[in-house]
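Listing of coords.cif, mmCIF, C-alpha atoms and all ligand atoms
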```
data_run
#
loop_
_atom_site.label_atom_id
_atom_site.label_comp_id
_atom_site.auth_asym_id
_atom_site.auth_seq_id
_atom_site.Cartn_x
_atom_site.Cartn_y
_atom_site.Cartn_z
CA MET A 1 9.08 -43.78 20.74
CA HIS A 2 12.31 -42.73 22.50
CA PRO A 3 13.54 -39.34 21.21
CA GLU A 4 16.76 -40.81 19.85
CA ALA A 5 14.78 -43.53 18.06
CA ILE A 6 12.53 -40.93 16.47
CA PHE A 7 15.56 -39.03 15.20
CA ASP A 8 17.29 -42.13 13.82
CA ASP A 9 14.10 -43.36 12.17
CA VAL A 10 13.36 -40.06 10.43
CA VAL A 11 16.94 -39.44 9.30
CA SER A 12 17.29 -42.96 7.94
CA LYS A 13 14.04 -42.63 5.97
CA TYR A 14 15.24 -39.28 4.62
CA SER A 15 18.48 -40.99 3.59
CA GLN A 16 16.74 -43.92 1.94
CA HIS A 17 13.63 -42.31 0.48
CA ILE A 18 13.86 -38.54 0.37
CA ASN A 19 17.34 -37.14 -0.15
CA PRO A 20 20.55 -38.56 1.37
CA GLY A 21 22.59 -35.40 0.85
CA LEU A 22 19.91 -33.30 2.50
CA ALA A 23 19.79 -35.75 5.41
CA ARG A 24 23.53 -35.28 5.94
CA LEU A 25 23.26 -31.49 5.60
CA VAL A 26 20.43 -31.07 8.09
CA SER A 27 21.92 -33.35 10.73
CA PHE A 28 25.39 -31.82 10.27
CA ALA A 29 23.87 -28.38 10.84
CA GLY A 30 22.57 -29.70 14.16
CA PHE A 31 18.84 -29.70 13.52
CA GLY A 32 16.58 -32.33 15.09
CA VAL A 33 13.08 -33.40 14.12
CA GLU A 34 10.35 -30.77 14.44
CA MET A 35 7.38 -32.17 16.39
CA GLU A 36 5.10 -29.23 17.07
CA ALA A 37 5.02 -25.47 17.04
CA GLU A 38 3.14 -22.60 18.59
CA GLY A 39 3.56 -18.84 18.32
CA CYS A 40 7.24 -18.02 17.90
CA PHE A 41 8.55 -21.41 19.01
CA ILE A 42 9.23 -24.80 17.41
CA THR A 43 9.62 -27.90 19.61
CA ASP A 44 11.91 -30.72 18.51
CA HIS A 45 11.94 -34.47 19.21
CA GLU A 46 13.81 -33.96 22.48
CA GLY A 47 11.25 -31.45 23.69
CA ARG A 48 13.68 -28.57 23.19
CA ARG A 49 12.09 -25.26 22.22
CA PHE A 50 13.58 -22.96 19.58
CA LEU A 51 12.79 -19.29 19.06
CA ASP A 52 11.94 -19.35 15.37
CA CYS A 53 13.85 -16.44 13.85
CA LEU A 54 13.98 -18.28 10.54
CA GLY A 55 10.22 -18.04 10.25
CA GLY A 56 9.99 -20.36 7.25
CA TYR A 57 11.78 -17.64 5.18
CA GLY A 58 8.75 -15.43 5.68
CA VAL A 59 5.94 -17.99 5.93
CA PHE A 60 5.34 -17.57 9.66
CA SER A 61 4.56 -13.88 9.87
CA LEU A 62 1.64 -14.76 12.15
CA GLY A 63 3.75 -17.31 14.01
CA HIS A 64 2.80 -20.95 14.16
CA ARG A 65 -0.83 -22.04 14.42
CA HIS A 66 -2.32 -18.61 14.93
CA PRO A 67 -5.66 -19.43 16.61
CA LYS A 68 -7.75 -17.20 14.33
CA VAL A 69 -6.31 -18.76 11.18
CA VAL A 70 -6.61 -22.29 12.57
CA GLU A 71 -10.24 -21.61 13.48
CA ALA A 72 -11.08 -20.22 10.03
CA VAL A 73 -9.46 -23.18 8.30
CA LYS A 74 -11.18 -25.73 10.56
CA LYS A 75 -14.55 -24.11 9.87
CA GLN A 76 -13.95 -24.26 6.14
CA LEU A 77 -12.72 -27.86 6.42
CA ASP A 78 -16.03 -28.90 7.93
CA ARG A 79 -18.00 -27.08 5.25
CA MET A 80 -16.12 -27.52 1.95
CA PRO A 81 -12.33 -27.89 1.84
CA LEU A 82 -11.74 -27.95 -1.93
CA SER A 83 -13.57 -26.28 -4.75
CA GLY A 84 -16.01 -28.03 -7.08
CA LYS A 85 -14.44 -25.79 -9.73
CA ALA A 86 -17.54 -24.97 -11.77
CA PHE A 87 -19.39 -22.95 -9.11
CA PHE A 88 -18.55 -19.52 -7.73
CA SER A 89 -16.46 -19.71 -4.55
CA GLN A 90 -17.21 -17.28 -1.74
CA PRO A 91 -13.82 -17.50 0.04
CA ALA A 92 -11.97 -16.72 -3.22
CA ALA A 93 -14.22 -13.74 -3.93
CA GLU A 94 -13.79 -12.44 -0.40
CA LEU A 95 -9.99 -12.83 -0.38
CA ALA A 96 -9.63 -11.04 -3.73
CA ALA A 97 -11.72 -8.12 -2.48
CA GLU A 98 -9.73 -7.94 0.76
CA LEU A 99 -6.40 -8.05 -1.09
CA ALA A 100 -7.54 -5.25 -3.40
CA ARG A 101 -7.95 -3.08 -0.30
CA VAL A 102 -4.35 -3.55 0.87
CA THR A 103 -2.32 -3.87 -2.34
CA PRO A 104 -0.85 -0.73 -3.98
CA PRO A 105 -3.31 1.42 -5.94
CA GLY A 106 -4.23 -0.07 -9.31
CA VAL A 107 -3.60 -3.68 -8.29
CA GLU A 108 -7.22 -4.82 -8.25
CA PHE A 109 -7.43 -8.29 -9.79
CA PHE A 110 -6.11 -11.57 -8.42
CA PHE A 111 -5.31 -15.05 -9.61
CA PHE A 112 -4.82 -17.63 -6.86
CA CYS A 113 -2.28 -20.43 -7.00
CA ASN A 114 -0.42 -22.60 -4.50
CA SER A 115 3.16 -21.38 -4.20
CA GLY A 116 5.62 -18.60 -4.90
CA ALA A 117 7.14 -20.17 -7.99
CA GLU A 118 3.67 -20.72 -9.42
CA ALA A 119 2.83 -17.07 -8.83
CA VAL A 120 5.98 -16.07 -10.71
CA GLU A 121 5.18 -18.47 -13.56
CA GLY A 122 1.78 -16.84 -13.98
CA ALA A 123 3.24 -13.35 -13.71
CA LEU A 124 5.68 -14.06 -16.56
CA LYS A 125 2.92 -15.51 -18.72
CA PHE A 126 0.67 -12.52 -18.03
CA ALA A 127 3.45 -10.06 -18.91
CA LYS A 128 4.08 -11.82 -22.21
CA LYS A 129 0.42 -12.00 -23.15
CA ALA A 130 -0.37 -8.44 -22.08
CA THR A 131 2.52 -6.91 -24.03
CA GLY A 132 2.89 -9.35 -26.92
CA ARG A 133 6.63 -9.21 -26.17
CA SER A 134 8.99 -11.89 -24.92
CA LYS A 135 12.12 -10.25 -23.49
CA ILE A 136 12.42 -10.29 -19.72
CA VAL A 137 14.80 -8.36 -17.49
CA SER A 138 15.72 -9.78 -14.08
CA THR A 139 18.38 -9.11 -11.48
CA GLU A 140 21.60 -10.81 -10.46
CA GLY A 141 21.18 -12.54 -7.11
CA GLY A 142 17.39 -12.44 -7.48
CA PHE A 143 15.34 -15.42 -6.37
CA HIS A 144 12.02 -16.16 -8.02
CA GLY A 145 11.60 -19.92 -7.55
CA LYS A 146 12.86 -23.13 -9.07
CA THR A 147 10.29 -24.24 -11.66
CA ILE A 148 11.55 -23.84 -15.23
CA GLY A 149 10.01 -20.43 -15.95
CA ALA A 150 10.71 -18.94 -12.53
CA LEU A 151 14.20 -20.46 -12.53
CA SER A 152 14.88 -18.75 -15.85
CA THR A 153 14.60 -15.45 -14.00
CA THR A 154 16.43 -16.57 -10.83
CA GLY A 155 19.81 -14.86 -10.84
CA ARG A 156 21.91 -17.69 -9.49
CA ASP A 157 24.08 -19.69 -11.91
CA LYS A 158 24.33 -22.50 -9.41
CA TYR A 159 20.60 -23.22 -9.58
CA ARG A 160 20.23 -22.49 -13.30
CA HIS A 161 23.25 -24.10 -14.88
CA PRO A 162 22.27 -27.81 -14.60
CA TYR A 163 18.91 -27.13 -16.28
CA GLU A 164 19.92 -25.07 -19.28
CA PRO A 165 18.67 -24.29 -21.86
CA LEU A 166 15.95 -22.51 -19.88
CA MET A 167 13.34 -20.04 -21.09
CA PRO A 168 15.14 -17.81 -23.62
CA GLY A 169 15.16 -14.03 -23.63
CA VAL A 170 16.04 -13.29 -20.01
CA GLU A 171 18.68 -10.64 -19.36
CA PHE A 172 20.20 -10.07 -15.92
CA VAL A 173 21.28 -6.71 -14.58
CA PRO A 174 22.94 -5.87 -11.24
CA TYR A 175 20.34 -5.43 -8.46
CA GLY A 176 19.85 -1.86 -7.26
CA ASP A 177 21.48 -0.36 -10.35
CA ALA A 178 18.73 1.73 -11.97
CA GLU A 179 20.99 2.88 -14.81
CA ALA A 180 21.80 -0.70 -15.85
CA ALA A 181 18.09 -1.52 -15.76
CA ARG A 182 17.31 1.56 -17.88
CA ARG A 183 19.70 0.31 -20.54
CA ALA A 184 18.30 -3.23 -20.50
CA ILE A 185 14.59 -2.35 -20.55
CA ASP A 186 13.48 -1.36 -24.05
CA GLU A 187 10.56 -1.54 -26.49
CA ALA A 188 11.02 -5.32 -26.81
CA THR A 189 10.78 -5.92 -23.06
CA ALA A 190 7.68 -7.66 -21.71
CA CYS A 191 8.60 -7.03 -18.09
CA VAL A 192 11.23 -6.46 -15.50
CA ILE A 193 10.86 -8.76 -12.49
CA VAL A 194 12.39 -7.64 -9.22
CA GLU A 195 12.19 -8.21 -5.47
CA ALA A 196 11.54 -5.17 -3.26
CA VAL A 197 14.35 -6.47 -1.02
CA GLN A 198 16.40 -9.46 -2.17
CA GLY A 199 15.75 -12.20 0.39
CA GLU A 200 17.56 -15.35 -0.70
CA GLY A 201 20.17 -13.05 -2.28
CA GLY A 202 21.23 -12.00 1.24
CA ILE A 203 18.83 -9.25 2.41
CA ARG A 204 19.98 -6.76 -0.16
CA ILE A 205 18.15 -3.45 0.11
CA PRO A 206 18.07 -1.32 -3.04
CA PRO A 207 18.80 2.43 -2.96
CA ASP A 208 15.76 4.65 -2.30
CA GLY A 209 13.90 5.36 -5.51
CA TYR A 210 15.12 2.24 -7.30
CA LEU A 211 11.61 0.94 -7.93
CA THR A 212 10.50 4.46 -8.90
CA GLU A 213 13.20 4.51 -11.58
CA LEU A 214 12.13 1.07 -12.83
CA ARG A 215 8.52 2.26 -12.92
CA ARG A 216 9.52 5.30 -14.97
CA ARG A 217 11.51 3.25 -17.48
CA CYS A 218 8.65 0.76 -17.83
CA ASP A 219 6.23 3.60 -18.54
CA GLU A 220 8.60 4.98 -21.20
CA THR A 221 8.92 1.67 -22.99
CA GLY A 222 5.56 -0.03 -22.39
CA ALA A 223 7.22 -2.81 -20.40
CA LEU A 224 5.47 -4.09 -17.27
CA LEU A 225 6.86 -3.78 -13.76
CA VAL A 226 6.54 -7.09 -11.90
CA VAL A 227 7.42 -6.85 -8.20
CA ASP A 228 7.97 -10.25 -6.60
CA GLU A 229 6.65 -9.81 -3.06
CA VAL A 230 6.51 -13.53 -2.28
CA GLN A 231 8.82 -12.91 0.68
CA THR A 232 8.51 -9.16 1.31
CA GLY A 233 4.71 -9.01 1.13
CA LEU A 234 2.18 -8.53 3.91
CA GLY A 235 4.16 -6.56 6.47
CA ARG A 236 7.53 -8.30 6.44
CA THR A 237 9.48 -5.11 5.62
CA GLY A 238 7.54 -2.81 7.94
CA ARG A 239 5.13 -1.71 5.20
CA MET A 240 2.25 -3.78 3.84
CA PHE A 241 4.27 -4.39 0.67
CA GLY A 242 7.94 -3.80 -0.02
CA CYS A 243 7.15 -1.52 -2.95
CA ASP A 244 5.17 0.76 -0.60
CA HIS A 245 8.55 2.09 0.65
CA ASP A 246 8.98 3.76 -2.75
CA GLY A 247 5.26 4.45 -3.17
CA VAL A 248 5.35 2.50 -6.42
CA SER A 249 2.47 0.54 -7.93
CA PRO A 250 3.53 -2.42 -10.05
CA ASP A 251 1.54 -3.77 -12.99
CA ILE A 252 1.86 -7.25 -11.52
CA LEU A 253 2.62 -8.23 -7.93
CA THR A 254 3.29 -11.76 -6.72
CA MET A 255 2.81 -12.99 -3.18
CA ALA A 256 2.74 -16.31 -1.36
CA LYS A 257 4.73 -17.19 1.75
CA ALA A 258 2.88 -15.31 4.52
CA LEU A 259 -0.49 -15.24 2.75
CA GLY A 260 -1.68 -18.53 4.21
CA GLY A 261 -0.99 -17.34 7.76
CA GLY A 262 1.52 -20.14 8.36
CA VAL A 263 -1.32 -22.65 8.16
CA MET A 264 -2.14 -23.17 4.48
CA PRO A 265 -0.03 -22.94 1.30
CA ILE A 266 -1.34 -20.29 -1.08
CA GLY A 267 0.07 -17.95 -3.70
CA ALA A 268 -1.46 -15.05 -5.56
CA ILE A 269 -0.77 -12.91 -8.60
CA GLY A 270 -2.18 -9.40 -8.40
CA GLY A 271 -2.52 -7.14 -11.41
CA THR A 272 -4.09 -4.07 -12.89
CA GLU A 273 -7.33 -3.99 -14.83
CA ASN A 274 -5.33 -3.38 -18.04
CA VAL A 275 -3.24 -6.48 -17.52
CA TRP A 276 -6.26 -8.62 -16.69
CA GLU A 277 -8.17 -7.33 -19.66
CA ALA A 278 -5.28 -8.18 -22.00
CA VAL A 279 -4.74 -11.62 -20.46
CA PHE A 280 -8.25 -12.90 -19.82
CA ALA A 281 -10.72 -10.98 -22.05
CA GLU A 282 -10.65 -13.29 -25.04
CA ASN A 283 -10.24 -16.50 -23.02
CA PRO A 284 -11.07 -16.52 -19.30
CA LEU A 285 -9.47 -19.98 -19.04
CA THR A 286 -6.10 -19.03 -20.55
CA HIS A 287 -4.47 -19.63 -17.16
CA THR A 288 -5.95 -22.03 -14.59
CA SER A 289 -5.00 -24.12 -11.55
CA THR A 290 -6.87 -27.09 -10.11
CA PHE A 291 -6.05 -26.37 -6.47
CA GLY A 292 -5.42 -22.64 -6.83
CA GLY A 293 -7.90 -20.56 -4.87
CA ASN A 294 -9.25 -23.51 -2.94
CA PRO A 295 -11.63 -22.59 -0.11
CA MET A 296 -9.39 -23.71 2.78
CA ALA A 297 -6.41 -21.72 1.49
CA CYS A 298 -8.56 -18.66 0.83
CA ALA A 299 -10.17 -18.92 4.28
CA ALA A 300 -6.64 -18.87 5.72
CA GLY A 301 -5.80 -15.84 3.58
CA ILE A 302 -8.84 -13.88 4.69
CA ALA A 303 -8.13 -14.62 8.36
CA THR A 304 -4.47 -13.66 7.83
CA LEU A 305 -5.30 -10.21 6.44
CA ARG A 306 -7.72 -9.67 9.32
CA VAL A 307 -5.10 -10.61 11.94
CA ILE A 308 -2.45 -8.40 10.30
CA GLU A 309 -4.79 -5.42 10.65
CA GLU A 310 -6.27 -6.26 14.06
CA GLU A 311 -2.88 -6.89 15.65
CA GLY A 312 -1.14 -4.00 13.87
CA LEU A 313 1.52 -6.35 12.56
CA VAL A 314 2.82 -3.99 9.87
CA GLU A 315 3.62 -1.29 12.44
CA ARG A 316 4.95 -3.95 14.77
CA SER A 317 7.31 -5.23 12.08
CA ALA A 318 8.66 -1.69 11.54
CA ALA A 319 9.10 -0.95 15.26
CA LEU A 320 10.57 -4.30 16.30
CA GLY A 321 12.76 -4.34 13.19
CA ARG A 322 14.27 -1.00 14.20
CA ARG A 323 14.77 -2.24 17.75
CA MET A 324 16.49 -5.44 16.65
CA LEU A 325 18.61 -3.59 14.11
CA ASP A 326 19.79 -1.17 16.84
CA GLY A 327 20.74 -4.09 19.06
CA LEU A 328 22.54 -5.83 16.21
CA GLN A 329 24.43 -2.65 15.28
CA GLU A 330 25.74 -2.54 18.86
CA LEU A 331 26.80 -6.16 18.48
CA ARG A 332 28.61 -5.31 15.27
CA ALA A 333 30.42 -2.49 17.02
CA ARG A 334 31.59 -5.00 19.66
CA PHE A 335 32.76 -7.57 17.10
CA PRO A 336 33.79 -5.61 13.99
CA GLU A 337 36.25 -8.32 12.98
CA LEU A 338 33.48 -10.95 12.88
CA ILE A 339 30.42 -9.01 11.73
CA ALA A 340 30.92 -7.10 8.50
CA ASP A 341 27.45 -5.61 8.16
CA VAL A 342 23.97 -5.56 9.66
CA ARG A 343 21.03 -4.41 7.56
CA GLY A 344 17.31 -4.78 7.36
CA ARG A 345 13.88 -3.45 6.64
CA GLY A 346 11.22 -4.26 9.21
CA LEU A 347 11.66 -7.81 10.42
CA MET A 348 13.65 -8.83 7.34
CA ILE A 349 17.16 -8.60 8.71
CA GLY A 350 20.55 -9.76 7.46
CA VAL A 351 23.73 -10.21 9.48
CA GLU A 352 26.75 -10.42 7.22
CA PHE A 353 29.77 -12.16 8.69
CA ALA A 354 33.36 -11.33 7.79
CA MET A 355 34.22 -14.99 7.05
CA ASP A 356 32.19 -18.03 5.98
CA GLU A 357 33.23 -20.05 9.04
CA VAL A 358 31.84 -17.43 11.43
CA GLY A 359 28.35 -17.91 10.05
CA GLU A 360 28.54 -21.67 10.30
CA LEU A 361 29.84 -21.59 13.88
CA THR A 362 27.32 -18.95 14.93
CA VAL A 363 24.34 -20.91 13.65
CA ALA A 364 25.50 -23.96 15.63
CA GLN A 365 25.81 -21.78 18.75
CA LEU A 366 22.32 -20.35 18.18
CA LEU A 367 20.83 -23.85 18.07
CA MET A 368 22.59 -24.78 21.31
CA ARG A 369 20.98 -21.71 22.89
CA GLY A 370 17.49 -22.44 21.56
CA MET A 371 17.14 -20.23 18.53
CA CYS A 372 17.14 -20.83 14.79
CA ALA A 373 17.90 -18.45 11.94
CA ALA A 374 18.19 -18.85 8.19
CA TYR A 375 21.59 -19.76 6.90
CA THR A 376 22.34 -21.53 3.64
CA LEU A 377 25.45 -22.99 2.07
CA ASN A 378 24.52 -20.97 -1.00
CA ASN A 379 25.06 -17.80 0.92
CA PRO A 380 27.23 -18.64 3.94
CA ARG A 381 28.20 -15.04 4.68
CA VAL A 382 24.70 -13.79 5.44
CA MET A 383 22.42 -15.01 8.19
CA ARG A 384 18.79 -14.01 7.77
CA LEU A 385 16.46 -13.19 10.63
CA GLU A 386 12.79 -13.30 9.68
CA PRO A 387 10.96 -13.89 12.96
CA PRO A 388 7.16 -13.88 13.24
CA LEU A 389 5.71 -10.35 13.19
CA ILE A 390 3.75 -11.31 16.33
CA LEU A 391 7.08 -11.42 18.19
CA SER A 392 6.92 -9.72 21.59
CA GLN A 393 9.43 -7.05 22.53
CA GLU A 394 10.90 -9.50 25.07
CA GLU A 395 11.30 -12.14 22.38
CA ALA A 396 12.95 -9.62 20.05
CA ASP A 397 15.40 -8.70 22.81
CA LEU A 398 15.95 -12.38 23.57
CA ALA A 399 16.86 -13.03 19.93
CA VAL A 400 19.43 -10.22 19.95
CA ARG A 401 20.82 -11.44 23.29
CA ILE A 402 21.16 -15.05 22.10
CA LEU A 403 22.83 -13.88 18.92
CA GLY A 404 25.22 -11.77 21.01
CA GLU A 405 26.12 -14.71 23.26
CA SER A 406 26.61 -16.91 20.21
CA VAL A 407 28.95 -14.48 18.45
CA GLU A 408 30.85 -14.02 21.72
CA ALA A 409 31.29 -17.80 22.00
CA VAL A 410 32.50 -17.95 18.39
CA ALA A 411 34.98 -15.13 19.08
CA GLU A 412 36.39 -17.15 22.00
CA VAL A 413 36.71 -20.29 19.88
CA LEU A 414 38.50 -18.38 17.15
CA ALA A 415 40.82 -16.66 19.68
CA GLU A 416 41.82 -20.05 21.08
CA LEU A 417 42.68 -21.29 17.59
CA GLN A 418 45.09 -18.42 17.04
C1 LIG B 501 10.42 -18.18 -1.78
C2 LIG B 501 10.39 -17.28 -2.95
C3 LIG B 501 9.88 -17.70 -4.19
C4 LIG B 501 9.48 -19.13 -4.46
O1 LIG B 501 8.44 -19.56 -3.67
P1 LIG B 501 8.13 -21.13 -3.54
O2 LIG B 501 6.83 -21.17 -2.78
O3 LIG B 501 9.27 -21.74 -2.79
O4 LIG B 501 8.01 -21.67 -4.90
C5 LIG B 501 9.78 -16.77 -5.21
N1 LIG B 501 10.14 -15.49 -5.02
C6 LIG B 501 10.64 -15.05 -3.85
C7 LIG B 501 11.01 -13.61 -3.71
C8 LIG B 501 10.80 -15.93 -2.78
O5 LIG B 501 11.32 -15.49 -1.64
#
```
Show me the file's structure as structure tokens.
Amino acid sequence: MHPEAIFDDVVSKYSQHINPGLARLVSFAGFGVEMEAEGCFITDHEGRRFLDCLGGYGVFSLGHRHPKVVEAVKKQLDRMPLSGKAFFSQPAAELAAELARVTPPGVEFFFFCNSGAEAVEGALKFAKKATGRSKIVSTEGGFHGKTIGALSTTGRDKYRHPYEPLMPGVEFVPYGDAEAARRAIDEATACVIVEAVQGEGGIRIPPDGYLTELRRRCDETGALLVVDEVQTGLGRTGRMFGCDHDGVSPDILTMAKALGGGVMPIGAIGGTENVWEAVFAENPLTHTSTFGGNPMACAAGIATLRVIEEEGLVERSAALGRRMLDGLQELRARFPELIADVRGRGLMIGVEFAMDEVGELTVAQLLMRGMCAAYTLNNPRVMRLEPPLILSQEEADLAVRILGESVEAVAEVLAELQ
């Protein structure tokens, strides 16, 4: 098929059978049809290659089609792709043991599911069962998924409002404000759920010691600390987990995006022995999932953890993150009227523009120069950069250079308009 025909065909099917508004949004933003991907690059229907600094919002920490993950998944595919459910499964056992090695001390048990929202759903259920309480504290601007339970804790009115009434008993406090959290968390609280760095909320980094304060308040009141590491987990922030920056161990930790190595979807809920005992002792089947913990997904997870260690991706994330942040700070100094702030932890970086239009124009310029980054209409001020952790130093520099050229082009456009 001719490239243009491919594009028209896909967009028209999106319009007629998937989501017309989304079809308009994606084509207006200038995106084509993704055809294949490898390493840090995605190739579209015209054969154009894009440096993937969006990284599936954290899914592609190992890049696209990492050979070791692909090989592990193919091997498992030929042996037994899905679980018979009644037998023991070796890949699930192995992945749980490997995760216990890398998660914060005390997080030793794992429940496998298929997505981030599902991990959050389970985490909320576990917190309620383990404490016998129902009140939940969450944060404004927090993102925990869009299923009913997870959505109830997502701190965005825009997503929540059309679906109310949601799960009752959720109280929101400003993110990063330990004092407000102290006041909200009490003896009736089942858990506080919080991201180590707010991703969807615009790469918001809490003050040092924020999680430590939450941990302390939870210990005082018997509430559980749930850290949602669906996006920050597995090296994204320059530490294995985001909560490692504060040296805090949660009672429950959720993960998903990067866990399948960019090849398989998988989510996981980690928890302490106490939590597991309270949740599962009387009924080991109190929480289940048909596809959760399937052998192909777990094989991907095991290979992913191995690659992260073998290739030193956590250290790489920290080092390259610092390098990119330095470059972006220089860019901000050159264009202070366009770039309001640059911040990040590891390769989880946010560029905050001074005006909404600057973000929109910059993303279009990036695409023209062969790079994509995360930008949403829900948060038009902040562009997120979450490139693969396997990024080379040259690719990191390339990303900063393309962003610089793009902002420069936007500055020229805006100067002409004045
Ligand atoms: C993406 C995300 C989720 C939801 O994950 P899905 O797989 O899209 O359901 C939950 N929490 C955080 C922190 C996320 O970034």
List as JSON lines every residue of chain A that is in contact with ligand LIG 501 (chain B), defined as an atom at most 10 Å from one of its atoms (using all atoms listed in the file), together with the nearest atom pair and the distance in Å rounded to one decimal, sorted by chain and then rising number.
```
{"residue": "A:Gly56", "atom": "CA", "partner": "B:LIG501", "partner_atom": "C1", "distance": 9.3}
{"residue": "A:Tyr57", "atom": "CA", "partner": "B:LIG501", "partner_atom": "C1", "distance": 7.1}
{"residue": "A:Gly58", "atom": "CA", "partner": "B:LIG501", "partner_atom": "O5", "distance": 7.8}
{"residue": "A:Val59", "atom": "CA", "partner": "B:LIG501", "partner_atom": "C1", "distance": 8.9}
{"residue": "A:Asn114", "atom": "CA", "partner": "B:LIG501", "partner_atom": "O2", "distance": 7.6}
{"residue": "A:Ser115", "atom": "CA", "partner": "B:LIG501", "partner_atom": "O2", "distance": 3.9}
{"residue": "A:Gly116", "atom": "CA", "partner": "B:LIG501", "partner_atom": "O1", "distance": 3.2}
{"residue": "A:Ala117", "atom": "CA", "partner": "B:LIG501", "partner_atom": "O4", "distance": 3.5}
{"residue": "A:Glu118", "atom": "CA", "partner": "B:LIG501", "partner_atom": "O4", "distance": 6.3}
{"residue": "A:Ala119", "atom": "CA", "partner": "B:LIG501", "partner_atom": "C5", "distance": 7.8}
{"residue": "A:Val120", "atom": "CA", "partner": "B:LIG501", "partner_atom": "C5", "distance": 6.7}
{"residue": "A:Glu121", "atom": "CA", "partner": "B:LIG501", "partner_atom": "O4", "distance": 9.7}
{"residue": "A:Gly142", "atom": "CA", "partner": "B:LIG501", "partner_atom": "C7", "distance": 7.5}
{"residue": "A:Phe143", "atom": "CA", "partner": "B:LIG501", "partner_atom": "C6", "distance": 5.3}
{"residue": "A:His144", "atom": "CA", "partner": "B:LIG501", "partner_atom": "N1", "distance": 3.6}
{"residue": "A:Gly145", "atom": "CA", "partner": "B:LIG501", "partner_atom": "C4", "distance": 3.8}
{"residue": "A:Lys146", "atom": "CA", "partner": "B:LIG501", "partner_atom": "O4", "distance": 6.6}
{"residue": "A:Thr147", "atom": "CA", "partner": "B:LIG501", "partner_atom": "O4", "distance": 7.6}
{"residue": "A:Ala150", "atom": "CA", "partner": "B:LIG501", "partner_atom": "C5", "distance": 7.7}
{"residue": "A:Leu151", "atom": "CA", "partner": "B:LIG501", "partner_atom": "C5", "distance": 9.3}
{"residue": "A:Thr154", "atom": "CA", "partner": "B:LIG501", "partner_atom": "N1", "distance": 8.6}
{"residue": "A:Val194", "atom": "CA", "partner": "B:LIG501", "partner_atom": "C7", "distance": 8.2}
{"residue": "A:Glu195", "atom": "CA", "partner": "B:LIG501", "partner_atom": "C7", "distance": 5.8}
{"residue": "A:Ala196", "atom": "CA", "partner": "B:LIG501", "partner_atom": "C7", "distance": 8.5}
{"residue": "A:Val197", "atom": "CA", "partner": "B:LIG501", "partner_atom": "C7", "distance": 8.3}
{"residue": "A:Gln198", "atom": "CA", "partner": "B:LIG501", "partner_atom": "C7", "distance": 7.0}
{"residue": "A:Gly199", "atom": "CA", "partner": "B:LIG501", "partner_atom": "O5", "distance": 5.9}
{"residue": "A:Glu200", "atom": "CA", "partner": "B:LIG501", "partner_atom": "O5", "distance": 6.3}
{"residue": "A:Gly201", "atom": "CA", "partner": "B:LIG501", "partner_atom": "O5", "distance": 9.2}
{"residue": "A:Val227", "atom": "CA", "partner": "B:LIG501", "partner_atom": "C7", "distance": 8.9}
{"residue": "A:Asp228", "atom": "CA", "partner": "B:LIG501", "partner_atom": "C7", "distance": 5.4}
{"residue": "A:Glu229", "atom": "CA", "partner": "B:LIG501", "partner_atom": "C7", "distance": 5.8}
{"residue": "A:Val230", "atom": "CA", "partner": "B:LIG501", "partner_atom": "C6", "distance": 4.7}
{"residue": "A:Gln231", "atom": "CA", "partner": "B:LIG501", "partner_atom": "O5", "distance": 4.3}
{"residue": "A:Thr232", "atom": "CA", "partner": "B:LIG501", "partner_atom": "C7", "distance": 7.2}
{"residue": "A:Gly233", "atom": "CA", "partner": "B:LIG501", "partner_atom": "C7", "distance": 9.2}
{"residue": "A:Thr254", "atom": "CA", "partner": "B:LIG501", "partner_atom": "N1", "distance": 8.0}
{"residue": "A:Met255", "atom": "CA", "partner": "B:LIG501", "partner_atom": "N1", "distance": 8.0}
{"residue": "A:Ala256", "atom": "CA", "partner": "B:LIG501", "partner_atom": "O2", "distance": 6.5}
{"residue": "A:Lys257", "atom": "CA", "partner": "B:LIG501", "partner_atom": "O2", "distance": 6.4}
{"residue": "A:Pro265", "atom": "CA", "partner": "B:LIG501", "partner_atom": "O2", "distance": 8.2}
{"residue": "A:Ile266", "atom": "CA", "partner": "B:LIG501", "partner_atom": "O2", "distance": 8.4}
{"residue": "A:Gly267", "atom": "CA", "partner": "B:LIG501", "partner_atom": "O2", "distance": 7.5}
```
Check your understanding: Which is closer to Ile203 of chain A than all the others in A:Gly106, A:Gly270, A:Gly122, A:Gly344, using all atoms listed in the file?
Key ->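 The answer is A:Gly344, which sits nearest to Ile203 of chain A.
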Point to revise | d(atom CA of Met35 of chain A, atom CA of Val314 of chain A) in Å | key: 29.3 Å
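Atom CA of Arg204 of chain A is found 22.1 Å from atom CA of Val407 of chain A.
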Check your understanding: Which residues, written as JSON, numbers by chain, have at least one atom at most 8 Å from Met264 of chain A, with only C-alpha atoms counted and residues fewer than 6 positions away on the same chain left out?
Key -> {"A": [296, 297, 300]}
Check your understanding: Out of A:Ala258, A:Val226, A:Ala5, A:Leu325, which residue has the shortest atom-to-atom distance to Cys243 of chain A when counting only C-alpha atoms?
Key ->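 Under the stated criterion, the closest residue is A:Val226.
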Check your understanding: Got a sec: who's within 12 Å of segment 16-28 of chain A, counting all atoms listed in the file, leaving out chain neighbours fewer than 3 positions off, as a ChimeraX atom specification?
Key -> /A:7-13,31-34,360-361,363-364,375-377
Exercise for review: Please write as a list of chain:residue names the list of polymer residues whose atoms come within 8 Å of (38.7, -11.2, 9.4), counting only C-alpha atoms and keeping to the coordinates of the file.
Suggested key: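 Those residues lying close to the given coordinates are A:Glu337, A:Leu338, A:Ala354, A:Met355.
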